[in-house]
Structures are given as structure tokens and as C-alpha cells.
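So the structure is just underneath, and the comments pick up after that.
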Amino acid sequence: MTEVFRLDHVSKKYKNDGKEFLALKDVSLSIEEGEVFGIIGMSGAGKSTLVRTLNRLEEVTDGTVSFYGQNLTGLNAKEIRKVRRQIAMIFQSFNLLGQRSVVSNVMQPLRIAKVPRAERKEKALEMLKVVGLEDKKHEFPARLSGGQRQRVAIARALASDPKVLLCDEATSALDPKMTGEILDLLKDINTTRKLTIVIITHEMSVVEKICDKVAIIDDGNLAEVGEVKEIFTNPKSEAAKKLVFPTNPFDPSSKDSRLIRLVFDGLAASKPIISELVEKTGKKVNILCANTKSVGGIGYGQMVVELPKDKEDQDLIIDFFKKGGLNIQEVEKA
Amino acid sequence: MSDYIIEAIKSGIFETLQMTVSASILAYIAGLPLGILLYATSKGRILSNRPVNFILGLAVNICRSLPFLILLVLLIPFTRFVTGSSIGTTASVVPLTVGAIPIVARMVESSLSEVSPGIIEAATAMGASPIYIIIHFILPEATPSLLFGAAYQKDVLWTTVTILIIMVMFIQESGNFIAKKARK
Ligand SMILES: Nc1ncnc2c1ncn2[C@@H]1O[C@H](COP(=O)(O)OP(=O)(O)OP(=O)(O)O)[C@@H](O)[C@H]1O
Ligand SMILES: [Mg+2]
């Protein structure tokens, strides 16, 4: 596997009017070619700061960021501009030129790279075809919907044949349907063009839908990083648990009862586990919440159940679930 | 007698137009780059440079806060050096221009400041140089605002100057008229 980005002990300190703020604290991670890499965290966690160090829009205070083995910190202004041409970026606010037509917007990166005009136009039209907006080529961005504007931004990003696409909250300004469409488009681009994609988001649903790997950023720290299905089924850090299992909405009927979470993968998800429990042990549980999601095409599910008050019953039930191959986690009570 | 006044007003209007138009054009030629510099060197902008911004800002503010008549007097040696005279239509273009440059510069600066930082960030991420970003991203995006500002500013400049000159001429001519009458 080829490494696209490698961060080693990256720290970022902002200084404003004598006040210092540590936005990134000793972050090390590696992003490999061809993957869709998610970076998730709460607002203010440092996600944008992190992604902006990848093309040196933000200088790091400590540590190193390398792009295909090349340390970005050492590059002069001209060299970094060359590197940036291989790293495309899209934004929450689209950032299209309002005074230029759609096709002219898409041509911009090629113009910067001094591609001849006729060639620029041809390439831009080709990219508009990829995002399904050829018929809007002479339109101005103000007359497009949010989803369409983001498509134009994607076409613009792809025009210069970049090696990576960075997306900073690219779907946060869009409604769920548009979000779905844009994510499908990105996934499609990832598979057909073998383009590495880095996605910043604060929504777990975005990660679930298209990411292969995910890094969880919490207050400037890298809380956890790994395969999405691994983190989704077995989150270790507090920050990951919070994101995977949104904050405690469960209110047990008695304070002696215990709440547990059953997490099951594609296989176990198809078994009627609760009815089996009742049949085989005669014990009952109270289902407080259940949902299944598709992660990377495989169905995953989780269920929060309340166990009876009796300690022996609790152990019996937990034992039964464990034998059934389920992953079990304790849930804190509200 | 009244024919004479009409004639004088006609030529006065023509000269006023000549002065304001040439002063406006010259003020734009100098004010646009100055405005761009003011914008680009200010804090947090792409060519942020504190000393340069401070000095330019100071010069602009001083020029702007001087009353025009004082500027006119102060500039007499310079005007004479440039045009060979300190009075007349051509000569008046010099102080008018100098007086308008800081106004144009501040106007350009504020128009450019309206361009969304997101666009500049996108351009930077595309690998464009600061100069390229100013020419191909910031200026085109600010064009409507620049044109609007120019139209607005021109109105103010024209009206003020026209009124001033007509007033001066009127007083002068009526003075002459009274003097001639008295001599009779
Ligand atoms: N230029 C700056 N100067 C000072 N502090 C900054 C600056 N930029 C960001 N910060 C601070 O750094 C922290 C991380 O900011 P960042 O934009 O990376 O967060 P984020 O995870 O992207 O949040 P969001 O989801 O709201 O976009 C925040 O607390 C923010 O206030
Ligand atoms: Mg952000």
C-alpha cells in the first residue's frame, strides 16, 4: 500500500493577541492510496485545522506532514503551490466564483496550471459530464441549487487530475437527499478514478456511508483511528462511543436494572436473537432502542436492551448473548 | 451682458467636465493599485505586511483628512512643477487628482474586502500565487462592487466640484458685472 499522507506528531498552536490555543495535539496518522478516509469530531475539535495541514493551508507548529513521502514543511512557496495542484479541495460553502459561468469555474485549476485554453474547455466539459451537469455549463453559480453547486465544485476539483480530494464538511450545507447524492458521487469517483478521498464531517452517517477508515478527533487529540466497521462495532475511546452511540437517551424503568448494548455484524443481524432468548431461557429483556445500518455494504445493527433487576438473570442473559456471538457493551444510565 | 454670462457658464461647464473627468481617470489609475496594496497588505490578507500597510494607510488618511482647499494650496509648488502653472483648468487637475486618490483607494480596498475569504482559500488550495489570486480571483469577483462604488463616488465628486466651480464663477462674474456697472 502506498501512503498518500503521513502525519507524525503534528501539533498546531494558534496565537491570537497573545492568547495561545492548541488546536492539534500530537496527531500521528497515515492515509493510504485509494481509500476514503473520514475525519470525524465535534464542532471545534480541530478537523478543519487537521485537513488544512494536509495542503499546508495551515502551517504545523510541531511535527511533520508528508505527501507521498515528501515533507511539506521544507518546501518553498513555489514548490508548495506545485504540490497543491495535486491536492484538490471542496468546501462546505462551495467557494465558486460568482462572476464566472459554471464551465469557466471548472476551468480555473487548469488555467493556474497553464493548460492551453482549448484543452481547458474540453477537460472542463468532460468533468461536468462526470458530475451530470453538462446542460448547466453556461449557467452562473447563483442560479444553481446547493447540491448542483457542490457538483460544480467537485468537477472543478477533478479537472486538474488530482491525486487526492479533500472534503471539508462538503455535505453539511445540504439536505439529506442531496447529501446522499453527493456521497454516492464521491464514492463513485473513488472507485472509478481510484482517487483517494479525505472527508471531514461531524456526522457519523457520512462516515458509515462511504468511508473505509475513520479518525476520531476529540479536542485536538486523535482519539481513535481504524477501519470504519471495527470502530462502529467496537468503539474503544469515549469520543468514539459518543459518536457511534449518540448520548444517552435511555431511561431504564428501574434503577437496579442494567442496560447493555448488543452489537451485531452482518451474520448475527439476521438471527432472531431476542425470540431465541425467550424460548431457550424464559427470560425477557426490554428493548429500548434498535437500529441497523449499512456500513460498507454490510448490514450492522445495534440494540440497547434493559436487563431484569435480578443479578443472576442478568448474568444468564449476558451469557446467552455472548454464546450467540454478539458483541456486548455496558451502557451508562442517564 | 447676459449673453456673456451664458457664454461664461457654458465654457465653465465644459472646463469643469474636462477637469473632473481627467482628474477621475487619473485618480483611478493611481488609486486602484494603491487600494489593491492597502487591501492585500492588511492583517490576515494574502500579502499581509504590517509596515507597508501602516505607511500607506497613514498617507491615505492624512490626505483624506486635509480639507481640499488646504491641499490645493499645499500642492501649489508640485502643481507648478507638473503643469508649469498653478492656476487654470490643467493646473486644477493636479490637486483634484491628489485629493481623489485616497478616496478611490479606500473605496477599492473596501470593495475587495467584500470578496469571500472562501474563494481566496479555494484559489490558494488550487496552487495559485498571491498575485494570480488578486488578478484572476479577487478583482473579477469584486468587479460589480468596484463599478458600483465608482459610479457612486463619481456622482459625489462631480456634483461637489460642479457646484463649487459654478458658485465661484457666479460670484466672480457678478463681481465683474457690478464693477463694470459701477464704473459707468
Ligand atoms: N485562526 C485561528 N485562530 C485561533 N483559533 C483558531 C483559528 N482557527 C481555528 N481556531 C480554533 O481551533 C479549534 C479547532 O478549529 P477547527 O476549525 O479546526 O474545528 P472543526 O473541528 O473544523 O470545527 P467545525 O466542525 O465547527 O468546523 C477551534 O476551537 C477554533 O476556535
Ligand atoms: Mg471545520
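Each chain in the C-alpha cells gets a letter, A, B, ..., in the order shown, and its residues are numbered from 1; ligands are numbered from 1 in order too.
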**OP:** Tell me, as an MDAnalysis selection string, which residues lie within 10 Å of segment 21-28 of chain B, counting only C-alpha atoms; anything in the same chain fewer than 2 positions away does not count.
**Re:** chainID B and resid 15:19 30:35 90 92:105 108 150 153:154 157:158
Subject >> Contacts to ligand 1 at 12 Å cut-off (only C-alpha atoms and all ligand atoms) as a PyMOL selection string >> reply: (chain A and resi 11-25+39-53+57-59+91-93+167-170+172-173+199-203+216-222) or (chain B and resi 44)
**OP:** Excluding segment 283-286 of chain A and residues on its chain fewer than 5 positions from it, collect all residues at most 7 Å away from it, counting only C-alpha atoms, and give them as an MDAnalysis selection string.
**Re:** chainID A and resid 277:278 305:308
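In chain B, the set of residues within 10 Å of chain A (atoms considered: only C-alpha atoms) is Val115, Ser116, Pro117, Gly118, Ile119, Ile120, Glu121, Ala122, Ala123, Thr124, Ala125, Met126, Gly127, Ala128, Ser129, Tyr132, Ile133, His136, Phe137, Ile138, Pro140, Glu141, Ala142, Thr143 and Pro144 of chain B.
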Just the alpha helix (DSSP H) stuff from segment 143-295 of chain A, please, per backbone DSSP, written as a compact mmCIF listing (two decimals) with all heavy atoms, in the first residue's frame.
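Written out: result_9.txt:
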# COMPACT_ATOMS: atom_id res chain seq x y z
N GLY A 146 -27.87 24.15 -4.06
CA GLY A 146 -26.69 23.81 -3.27
C GLY A 146 -26.02 22.53 -3.76
O GLY A 146 -24.80 22.47 -3.94
N GLY A 147 -26.83 21.51 -4.01
CA GLY A 147 -26.28 20.24 -4.48
C GLY A 147 -25.58 20.41 -5.82
O GLY A 147 -24.49 19.86 -6.04
N GLN A 148 -26.20 21.20 -6.71
CA GLN A 148 -25.58 21.43 -8.02
C GLN A 148 -24.28 22.21 -7.88
O GLN A 148 -23.30 21.94 -8.56
CB GLN A 148 -26.55 22.19 -8.92
CG GLN A 148 -27.71 21.32 -9.38
CD GLN A 148 -28.79 22.12 -10.08
OE1 GLN A 148 -28.99 23.31 -9.80
NE2 GLN A 148 -29.49 21.48 -11.00
N ARG A 149 -24.27 23.18 -6.97
CA ARG A 149 -23.04 23.96 -6.77
C ARG A 149 -21.92 23.06 -6.29
O ARG A 149 -20.77 23.18 -6.71
CB ARG A 149 -23.27 25.06 -5.74
CG ARG A 149 -24.07 26.20 -6.30
CD ARG A 149 -24.19 27.31 -5.29
NE ARG A 149 -25.48 27.97 -5.49
CZ ARG A 149 -25.91 28.99 -4.77
NH1 ARG A 149 -25.16 29.47 -3.81
NH2 ARG A 149 -27.07 29.53 -5.02
N GLN A 150 -22.25 22.14 -5.38
CA GLN A 150 -21.21 21.24 -4.89
C GLN A 150 -20.73 20.33 -6.02
O GLN A 150 -19.56 19.98 -6.08
CB GLN A 150 -21.70 20.44 -3.68
CG GLN A 150 -20.60 19.82 -2.84
CD GLN A 150 -19.61 20.84 -2.30
OE1 GLN A 150 -18.80 21.41 -3.05
NE2 GLN A 150 -19.62 21.09 -1.01
N ARG A 151 -21.62 19.97 -6.93
CA ARG A 151 -21.20 19.17 -8.08
C ARG A 151 -20.22 19.94 -8.94
O ARG A 151 -19.24 19.39 -9.45
CB ARG A 151 -22.41 18.77 -8.93
CG ARG A 151 -23.18 17.61 -8.34
CD ARG A 151 -24.49 17.40 -9.08
NE ARG A 151 -25.30 16.45 -8.35
CZ ARG A 151 -25.23 15.13 -8.54
NH1 ARG A 151 -24.43 14.64 -9.46
NH2 ARG A 151 -25.95 14.32 -7.80
N VAL A 152 -20.52 21.23 -9.14
CA VAL A 152 -19.59 22.06 -9.91
C VAL A 152 -18.24 22.10 -9.21
O VAL A 152 -17.19 21.97 -9.83
CB VAL A 152 -20.15 23.49 -10.10
CG1 VAL A 152 -19.13 24.37 -10.81
CG2 VAL A 152 -21.45 23.47 -10.87
N ALA A 153 -18.28 22.26 -7.88
CA ALA A 153 -17.04 22.30 -7.12
C ALA A 153 -16.27 20.98 -7.27
O ALA A 153 -15.04 20.97 -7.38
CB ALA A 153 -17.32 22.60 -5.65
N ILE A 154 -17.00 19.88 -7.31
CA ILE A 154 -16.35 18.58 -7.48
C ILE A 154 -15.73 18.49 -8.88
O ILE A 154 -14.59 18.07 -9.04
CB ILE A 154 -17.34 17.42 -7.23
CG1 ILE A 154 -17.74 17.41 -5.74
CG2 ILE A 154 -16.74 16.08 -7.63
CD1 ILE A 154 -18.87 16.45 -5.40
N ALA A 155 -16.49 18.95 -9.89
CA ALA A 155 -15.96 18.95 -11.25
C ALA A 155 -14.69 19.79 -11.31
O ALA A 155 -13.68 19.40 -11.91
CB ALA A 155 -17.00 19.50 -12.22
N ARG A 156 -14.72 20.94 -10.66
CA ARG A 156 -13.56 21.82 -10.63
C ARG A 156 -12.38 21.13 -9.95
O ARG A 156 -11.24 21.22 -10.41
CB ARG A 156 -13.92 23.11 -9.89
CG ARG A 156 -12.78 24.08 -9.75
CD ARG A 156 -13.23 25.40 -9.16
NE ARG A 156 -13.47 25.31 -7.72
CZ ARG A 156 -13.74 26.36 -6.95
NH1 ARG A 156 -13.81 27.57 -7.48
NH2 ARG A 156 -13.95 26.21 -5.66
N ALA A 157 -12.69 20.42 -8.86
CA ALA A 157 -11.64 19.74 -8.13
C ALA A 157 -11.00 18.63 -8.97
O ALA A 157 -9.79 18.41 -8.91
CB ALA A 157 -12.19 19.16 -6.83
N LEU A 158 -11.84 17.96 -9.77
CA LEU A 158 -11.32 16.83 -10.55
C LEU A 158 -10.57 17.27 -11.81
O LEU A 158 -9.78 16.51 -12.36
CB LEU A 158 -12.48 15.93 -10.99
CG LEU A 158 -13.27 15.25 -9.88
CD1 LEU A 158 -14.38 14.40 -10.49
CD2 LEU A 158 -12.36 14.37 -9.02
N ALA A 159 -10.82 18.50 -12.25
CA ALA A 159 -10.32 18.95 -13.55
C ALA A 159 -8.81 18.81 -13.70
O ALA A 159 -8.31 18.49 -14.77
CB ALA A 159 -10.74 20.39 -13.80
N PRO A 176 -30.64 16.02 3.43
CA PRO A 176 -30.25 14.61 3.44
C PRO A 176 -30.24 13.97 2.05
O PRO A 176 -29.35 13.17 1.74
CB PRO A 176 -31.31 13.96 4.33
CG PRO A 176 -31.79 15.05 5.21
CD PRO A 176 -31.70 16.30 4.40
N LYS A 177 -31.19 14.33 1.22
CA LYS A 177 -31.25 13.71 -0.11
C LYS A 177 -30.04 14.13 -0.95
O LYS A 177 -29.37 13.30 -1.56
CB LYS A 177 -32.55 14.11 -0.80
CG LYS A 177 -32.75 13.46 -2.14
CD LYS A 177 -34.18 13.63 -2.63
CE LYS A 177 -34.32 13.18 -4.06
NZ LYS A 177 -33.79 14.18 -5.02
N MET A 178 -29.77 15.44 -0.95
CA MET A 178 -28.61 15.96 -1.67
C MET A 178 -27.33 15.37 -1.13
O MET A 178 -26.42 15.00 -1.87
CB MET A 178 -28.54 17.49 -1.49
CG MET A 178 -29.53 18.24 -2.31
SD MET A 178 -29.11 18.11 -4.04
CE MET A 178 -30.43 19.09 -4.71
N THR A 179 -27.26 15.28 0.21
CA THR A 179 -26.09 14.70 0.85
C THR A 179 -25.85 13.30 0.32
O THR A 179 -24.74 12.96 -0.09
CB THR A 179 -26.30 14.65 2.38
OG1 THR A 179 -26.46 15.98 2.85
CG2 THR A 179 -25.13 14.00 3.08
N GLY A 180 -26.93 12.51 0.28
CA GLY A 180 -26.83 11.14 -0.22
C GLY A 180 -26.30 11.12 -1.64
O GLY A 180 -25.40 10.34 -1.97
N GLU A 181 -26.82 12.01 -2.48
CA GLU A 181 -26.40 12.03 -3.89
C GLU A 181 -24.93 12.41 -4.03
O GLU A 181 -24.20 11.82 -4.82
CB GLU A 181 -27.25 13.02 -4.67
CG GLU A 181 -28.64 12.50 -4.98
CD GLU A 181 -29.50 13.53 -5.69
OE1 GLU A 181 -28.93 14.45 -6.32
OE2 GLU A 181 -30.73 13.42 -5.60
N ILE A 182 -24.52 13.42 -3.25
CA ILE A 182 -23.13 13.85 -3.35
C ILE A 182 -22.19 12.74 -2.84
O ILE A 182 -21.15 12.46 -3.45
CB ILE A 182 -22.90 15.16 -2.54
CG1 ILE A 182 -23.67 16.33 -3.17
CG2 ILE A 182 -21.43 15.50 -2.42
CD1 ILE A 182 -23.15 16.81 -4.50
N LEU A 183 -22.59 12.08 -1.76
CA LEU A 183 -21.75 10.99 -1.23
C LEU A 183 -21.66 9.84 -2.24
O LEU A 183 -20.58 9.28 -2.43
CB LEU A 183 -22.30 10.50 0.11
CG LEU A 183 -22.22 11.50 1.27
CD1 LEU A 183 -22.79 10.91 2.54
CD2 LEU A 183 -20.79 11.97 1.50
N ASP A 184 -22.80 9.53 -2.89
CA ASP A 184 -22.76 8.49 -3.92
C ASP A 184 -21.79 8.87 -5.02
O ASP A 184 -21.01 8.04 -5.50
CB ASP A 184 -24.16 8.28 -4.52
CG ASP A 184 -25.09 7.55 -3.55
OD1 ASP A 184 -24.56 6.88 -2.63
OD2 ASP A 184 -26.32 7.65 -3.71
N LEU A 185 -21.86 10.15 -5.42
CA LEU A 185 -20.97 10.62 -6.49
C LEU A 185 -19.51 10.48 -6.06
O LEU A 185 -18.66 10.01 -6.82
CB LEU A 185 -21.30 12.08 -6.81
CG LEU A 185 -20.38 12.78 -7.81
CD1 LEU A 185 -20.48 12.13 -9.18
CD2 LEU A 185 -20.74 14.27 -7.93
N LEU A 186 -19.22 10.87 -4.83
CA LEU A 186 -17.83 10.79 -4.34
C LEU A 186 -17.35 9.34 -4.31
O LEU A 186 -16.23 9.03 -4.71
CB LEU A 186 -17.71 11.42 -2.95
CG LEU A 186 -17.86 12.95 -2.90
CD1 LEU A 186 -17.81 13.44 -1.46
CD2 LEU A 186 -16.77 13.63 -3.73
N LYS A 187 -18.23 8.46 -3.83
CA LYS A 187 -17.86 7.04 -3.76
C LYS A 187 -17.58 6.51 -5.17
O LYS A 187 -16.62 5.77 -5.40
CB LYS A 187 -19.00 6.25 -3.10
CG LYS A 187 -18.68 4.79 -2.85
CD LYS A 187 -17.77 4.63 -1.66
CE LYS A 187 -17.01 3.33 -1.72
NZ LYS A 187 -16.01 3.21 -0.63
N ASP A 188 -18.44 6.93 -6.09
CA ASP A 188 -18.30 6.51 -7.48
C ASP A 188 -16.96 6.99 -8.05
O ASP A 188 -16.24 6.23 -8.71
CB ASP A 188 -19.47 7.10 -8.27
CG ASP A 188 -19.52 6.54 -9.67
OD1 ASP A 188 -19.53 5.31 -9.78
OD2 ASP A 188 -19.54 7.34 -10.62
N ILE A 189 -16.62 8.23 -7.77
CA ILE A 189 -15.36 8.79 -8.24
C ILE A 189 -14.19 8.04 -7.61
O ILE A 189 -13.18 7.75 -8.25
CB ILE A 189 -15.29 10.29 -7.88
CG1 ILE A 189 -16.27 11.07 -8.75
CG2 ILE A 189 -13.88 10.83 -8.06
CD1 ILE A 189 -16.55 12.47 -8.25
N ASN A 190 -14.35 7.69 -6.34
CA ASN A 190 -13.30 6.96 -5.64
C ASN A 190 -13.05 5.61 -6.31
O ASN A 190 -11.90 5.22 -6.52
CB ASN A 190 -13.72 6.77 -4.17
CG ASN A 190 -12.88 5.73 -3.46
OD1 ASN A 190 -13.35 4.63 -3.18
ND2 ASN A 190 -11.64 6.07 -3.17
N THR A 191 -14.11 4.90 -6.69
CA THR A 191 -13.89 3.57 -7.27
C THR A 191 -13.47 3.65 -8.73
O THR A 191 -12.52 2.97 -9.12
CB THR A 191 -15.15 2.68 -7.14
OG1 THR A 191 -16.30 3.50 -7.26
CG2 THR A 191 -15.19 1.99 -5.80
N THR A 192 -14.15 4.53 -9.52
CA THR A 192 -13.81 4.53 -10.94
C THR A 192 -12.49 5.22 -11.24
O THR A 192 -11.76 4.81 -12.13
CB THR A 192 -14.92 5.21 -11.78
OG1 THR A 192 -15.14 6.51 -11.24
CG2 THR A 192 -16.21 4.42 -11.72
N ARG A 193 -12.16 6.26 -10.47
CA ARG A 193 -10.93 7.00 -10.77
C ARG A 193 -9.80 6.67 -9.82
O ARG A 193 -8.74 7.27 -9.89
CB ARG A 193 -11.19 8.51 -10.73
CG ARG A 193 -12.35 8.92 -11.58
CD ARG A 193 -12.50 10.43 -11.57
NE ARG A 193 -12.86 10.84 -12.91
CZ ARG A 193 -12.09 11.58 -13.69
NH1 ARG A 193 -10.92 12.01 -13.27
NH2 ARG A 193 -12.47 11.89 -14.89
N MET A 204 -21.86 10.97 11.81
CA MET A 204 -21.47 9.57 11.70
C MET A 204 -22.07 8.94 10.44
O MET A 204 -21.47 8.07 9.83
CB MET A 204 -21.96 8.84 12.96
CG MET A 204 -21.26 7.52 13.20
SD MET A 204 -19.48 7.72 13.39
CE MET A 204 -18.96 6.02 13.19
N SER A 205 -23.26 9.42 10.04
CA SER A 205 -23.92 8.81 8.89
C SER A 205 -23.07 8.95 7.62
O SER A 205 -23.08 8.08 6.76
CB SER A 205 -25.29 9.44 8.69
OG SER A 205 -25.16 10.82 8.48
N VAL A 206 -22.32 10.06 7.53
CA VAL A 206 -21.47 10.26 6.36
C VAL A 206 -20.35 9.23 6.35
O VAL A 206 -20.05 8.60 5.33
CB VAL A 206 -20.89 11.69 6.36
CG1 VAL A 206 -19.82 11.85 5.30
CG2 VAL A 206 -21.99 12.72 6.18
N VAL A 207 -19.77 9.02 7.53
CA VAL A 207 -18.68 8.04 7.65
C VAL A 207 -19.19 6.64 7.33
O VAL A 207 -18.59 5.91 6.55
CB VAL A 207 -18.10 8.08 9.08
CG1 VAL A 207 -17.13 6.94 9.30
CG2 VAL A 207 -17.42 9.41 9.34
N GLU A 208 -20.34 6.31 7.92
CA GLU A 208 -20.92 4.98 7.69
C GLU A 208 -21.15 4.74 6.22
O GLU A 208 -20.95 3.66 5.72
CB GLU A 208 -22.28 4.89 8.38
CG GLU A 208 -22.21 4.61 9.86
CD GLU A 208 -23.53 4.95 10.54
OE1 GLU A 208 -24.57 4.96 9.85
OE2 GLU A 208 -23.51 5.21 11.75
N LYS A 209 -21.59 5.79 5.53
CA LYS A 209 -21.99 5.60 4.16
C LYS A 209 -20.82 5.37 3.20
O LYS A 209 -20.91 4.50 2.35
CB LYS A 209 -22.80 6.81 3.68
CG LYS A 209 -23.42 6.55 2.35
CD LYS A 209 -24.60 7.40 2.06
CE LYS A 209 -24.93 7.11 0.59
NZ LYS A 209 -26.24 7.30 0.20
N ILE A 210 -19.75 6.12 3.34
CA ILE A 210 -18.73 5.94 2.29
C ILE A 210 -17.30 5.71 2.77
O ILE A 210 -16.44 5.43 1.95
CB ILE A 210 -18.72 7.11 1.28
CG1 ILE A 210 -18.26 8.40 1.91
CG2 ILE A 210 -20.06 7.30 0.63
CD1 ILE A 210 -17.90 9.41 0.83
N VAL A 228 -13.67 1.51 9.55
CA VAL A 228 -14.98 2.01 9.99
C VAL A 228 -15.78 0.91 10.69
O VAL A 228 -16.34 1.12 11.76
CB VAL A 228 -15.78 2.59 8.82
CG1 VAL A 228 -17.20 2.91 9.24
CG2 VAL A 228 -15.09 3.83 8.30
N LYS A 229 -15.78 -0.31 10.10
CA LYS A 229 -16.63 -1.34 10.71
C LYS A 229 -16.11 -1.76 12.07
O LYS A 229 -16.88 -2.07 12.98
CB LYS A 229 -16.85 -2.52 9.78
CG LYS A 229 -15.66 -3.14 9.13
CD LYS A 229 -16.16 -4.33 8.28
CE LYS A 229 -15.03 -5.08 7.65
NZ LYS A 229 -14.51 -4.39 6.45
N GLU A 230 -14.80 -1.70 12.23
CA GLU A 230 -14.20 -2.02 13.52
C GLU A 230 -14.63 -1.00 14.58
O GLU A 230 -15.08 -1.35 15.67
CB GLU A 230 -12.66 -2.03 13.35
CG GLU A 230 -11.87 -2.38 14.58
CD GLU A 230 -12.25 -3.72 15.19
OE1 GLU A 230 -12.62 -4.63 14.42
OE2 GLU A 230 -12.21 -3.83 16.42
N ILE A 231 -14.52 0.28 14.22
CA ILE A 231 -14.86 1.32 15.19
C ILE A 231 -16.37 1.37 15.42
O ILE A 231 -16.83 1.62 16.52
CB ILE A 231 -14.31 2.68 14.71
CG1 ILE A 231 -12.80 2.65 14.84
CG2 ILE A 231 -14.91 3.85 15.50
CD1 ILE A 231 -12.10 3.94 14.67
N PHE A 232 -17.10 1.08 14.38
CA PHE A 232 -18.55 1.13 14.53
C PHE A 232 -19.04 0.02 15.45
O PHE A 232 -19.95 0.21 16.25
CB PHE A 232 -19.23 1.03 13.17
CG PHE A 232 -20.70 1.25 13.25
CD1 PHE A 232 -21.21 2.52 13.47
CD2 PHE A 232 -21.59 0.19 13.15
CE1 PHE A 232 -22.57 2.73 13.58
CE2 PHE A 232 -22.95 0.40 13.25
CZ PHE A 232 -23.44 1.68 13.47
N THR A 233 -18.43 -1.18 15.33
CA THR A 233 -18.91 -2.28 16.16
C THR A 233 -18.24 -2.29 17.52
O THR A 233 -18.80 -2.78 18.49
CB THR A 233 -18.65 -3.63 15.47
OG1 THR A 233 -17.30 -3.67 15.04
CG2 THR A 233 -19.57 -3.82 14.29
N GLU A 238 -13.78 7.06 24.51
CA GLU A 238 -15.02 7.73 24.91
C GLU A 238 -15.61 8.54 23.75
O GLU A 238 -16.81 8.51 23.50
CB GLU A 238 -14.75 8.67 26.10
CG GLU A 238 -14.79 7.99 27.44
CD GLU A 238 -16.02 7.11 27.63
OE1 GLU A 238 -17.14 7.62 27.43
OE2 GLU A 238 -15.87 5.90 27.95
N ALA A 239 -14.70 9.25 23.06
CA ALA A 239 -15.16 10.10 21.96
C ALA A 239 -15.82 9.26 20.88
O ALA A 239 -16.86 9.65 20.33
CB ALA A 239 -13.98 10.87 21.38
N ALA A 240 -15.24 8.09 20.58
CA ALA A 240 -15.80 7.22 19.56
C ALA A 240 -17.16 6.70 20.00
O ALA A 240 -18.11 6.67 19.22
CB ALA A 240 -14.84 6.07 19.28
N LYS A 241 -17.25 6.31 21.27
CA LYS A 241 -18.52 5.78 21.77
C LYS A 241 -19.62 6.84 21.65
O LYS A 241 -20.74 6.55 21.28
CB LYS A 241 -18.38 5.35 23.24
CG LYS A 241 -17.70 4.00 23.36
CD LYS A 241 -17.58 3.60 24.81
CE LYS A 241 -16.66 2.38 24.92
NZ LYS A 241 -16.15 2.20 26.27
N LYS A 242 -19.24 8.04 21.98
CA LYS A 242 -20.21 9.14 21.92
C LYS A 242 -20.75 9.33 20.51
O LYS A 242 -21.92 9.63 20.31
CB LYS A 242 -19.53 10.43 22.38
CG LYS A 242 -20.23 11.06 23.58
CD LYS A 242 -19.63 12.41 23.87
CE LYS A 242 -19.51 12.62 25.36
NZ LYS A 242 -18.57 13.71 25.68
N LEU A 243 -19.83 9.19 19.54
CA LEU A 243 -20.24 9.41 18.16
C LEU A 243 -21.04 8.24 17.62
O LEU A 243 -22.04 8.41 16.92
CB LEU A 243 -19.02 9.65 17.28
CG LEU A 243 -18.41 11.03 17.41
CD1 LEU A 243 -17.00 11.05 16.88
CD2 LEU A 243 -19.27 12.04 16.67
N VAL A 244 -20.58 7.02 17.94
CA VAL A 244 -21.25 5.84 17.42
C VAL A 244 -22.61 5.67 18.10
O VAL A 244 -23.61 5.38 17.46
CB VAL A 244 -20.37 4.59 17.62
CG1 VAL A 244 -21.12 3.34 17.17
CG2 VAL A 244 -19.08 4.73 16.82
N ILE A 273 -32.59 -13.15 17.56
CA ILE A 273 -31.91 -13.42 18.81
C ILE A 273 -32.79 -13.23 20.05
O ILE A 273 -32.70 -14.00 21.01
CB ILE A 273 -30.61 -12.57 18.91
CG1 ILE A 273 -29.69 -13.06 20.01
CG2 ILE A 273 -30.92 -11.11 19.08
CD1 ILE A 273 -28.83 -14.19 19.59
N ILE A 274 -33.67 -12.25 20.00
CA ILE A 274 -34.49 -11.98 21.19
C ILE A 274 -35.53 -13.08 21.41
O ILE A 274 -35.75 -13.55 22.52
CB ILE A 274 -35.16 -10.60 21.07
CG1 ILE A 274 -34.10 -9.49 20.95
CG2 ILE A 274 -36.07 -10.33 22.28
CD1 ILE A 274 -33.21 -9.32 22.16
N SER A 275 -36.11 -13.52 20.30
CA SER A 275 -37.11 -14.58 20.46
C SER A 275 -36.44 -15.88 20.91
O SER A 275 -36.99 -16.65 21.69
CB SER A 275 -37.93 -14.76 19.19
OG SER A 275 -37.10 -15.18 18.14
N GLU A 276 -35.24 -16.11 20.43
CA GLU A 276 -34.49 -17.28 20.87
C GLU A 276 -34.22 -17.22 22.37
O GLU A 276 -34.27 -18.23 23.08
CB GLU A 276 -33.16 -17.40 20.13
CG GLU A 276 -33.27 -18.23 18.86
CD GLU A 276 -31.97 -18.29 18.09
OE1 GLU A 276 -30.89 -18.23 18.74
OE2 GLU A 276 -32.03 -18.36 16.85
N LEU A 277 -33.91 -16.02 22.84
CA LEU A 277 -33.64 -15.83 24.27
C LEU A 277 -34.87 -16.23 25.10
O LEU A 277 -34.76 -16.97 26.07
CB LEU A 277 -33.28 -14.36 24.54
CG LEU A 277 -33.17 -13.96 26.01
CD1 LEU A 277 -31.86 -14.42 26.59
CD2 LEU A 277 -33.34 -12.45 26.19
N VAL A 278 -36.00 -15.75 24.66
CA VAL A 278 -37.23 -16.03 25.40
C VAL A 278 -37.52 -17.54 25.36
O VAL A 278 -37.79 -18.16 26.38
CB VAL A 278 -38.42 -15.24 24.81
CG1 VAL A 278 -39.70 -15.56 25.56
CG2 VAL A 278 -38.12 -13.75 24.88
N GLU A 279 -37.39 -18.13 24.17
CA GLU A 279 -37.64 -19.55 24.01
C GLU A 279 -36.73 -20.40 24.88
O GLU A 279 -37.18 -21.30 25.59
CB GLU A 279 -37.40 -19.94 22.56
CG GLU A 279 -38.67 -20.08 21.76
CD GLU A 279 -38.34 -20.23 20.27
OE1 GLU A 279 -37.44 -21.04 19.96
OE2 GLU A 279 -38.97 -19.52 19.45
N LYS A 280 -35.42 -20.11 24.83
CA LYS A 280 -34.46 -21.00 25.46
C LYS A 280 -34.28 -20.76 26.96
O LYS A 280 -33.98 -21.68 27.70
CB LYS A 280 -33.10 -20.90 24.75
CG LYS A 280 -33.21 -21.36 23.30
CD LYS A 280 -31.93 -21.97 22.80
CE LYS A 280 -32.16 -22.60 21.42
NZ LYS A 280 -31.25 -22.06 20.40
N THR A 281 -34.40 -19.50 27.40
CA THR A 281 -34.12 -19.24 28.81
C THR A 281 -35.37 -18.82 29.58
O THR A 281 -35.36 -18.80 30.80
CB THR A 281 -33.07 -18.12 28.98
OG1 THR A 281 -33.65 -16.91 28.49
CG2 THR A 281 -31.80 -18.42 28.23
Original post:
Mind checking DSSP for segment 93-312 of chain A and telling me the strand (DSSP E or B) residues as an MDAnalysis selection string?
Top reply: chainID A and resid 164:168 196:201 213:218 221:227 258:264 286:295 298:307
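Between atom CA of Ser30 of chain A and atom CA of Glu3 of chain A the interatomic distance comes to 6.7 Å.
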Original post:
atom CA of Asn76 of chain A and atom CA of Arg6 of chain A are how many Å apart?
Top reply: 19.3 Å
**OP:** Go ahead and compute the interatomic distance for atom CA of Val263 of chain A and atom CA of Gly325 of chain A, in Å to one decimal.
**Re:** 9.7 Å
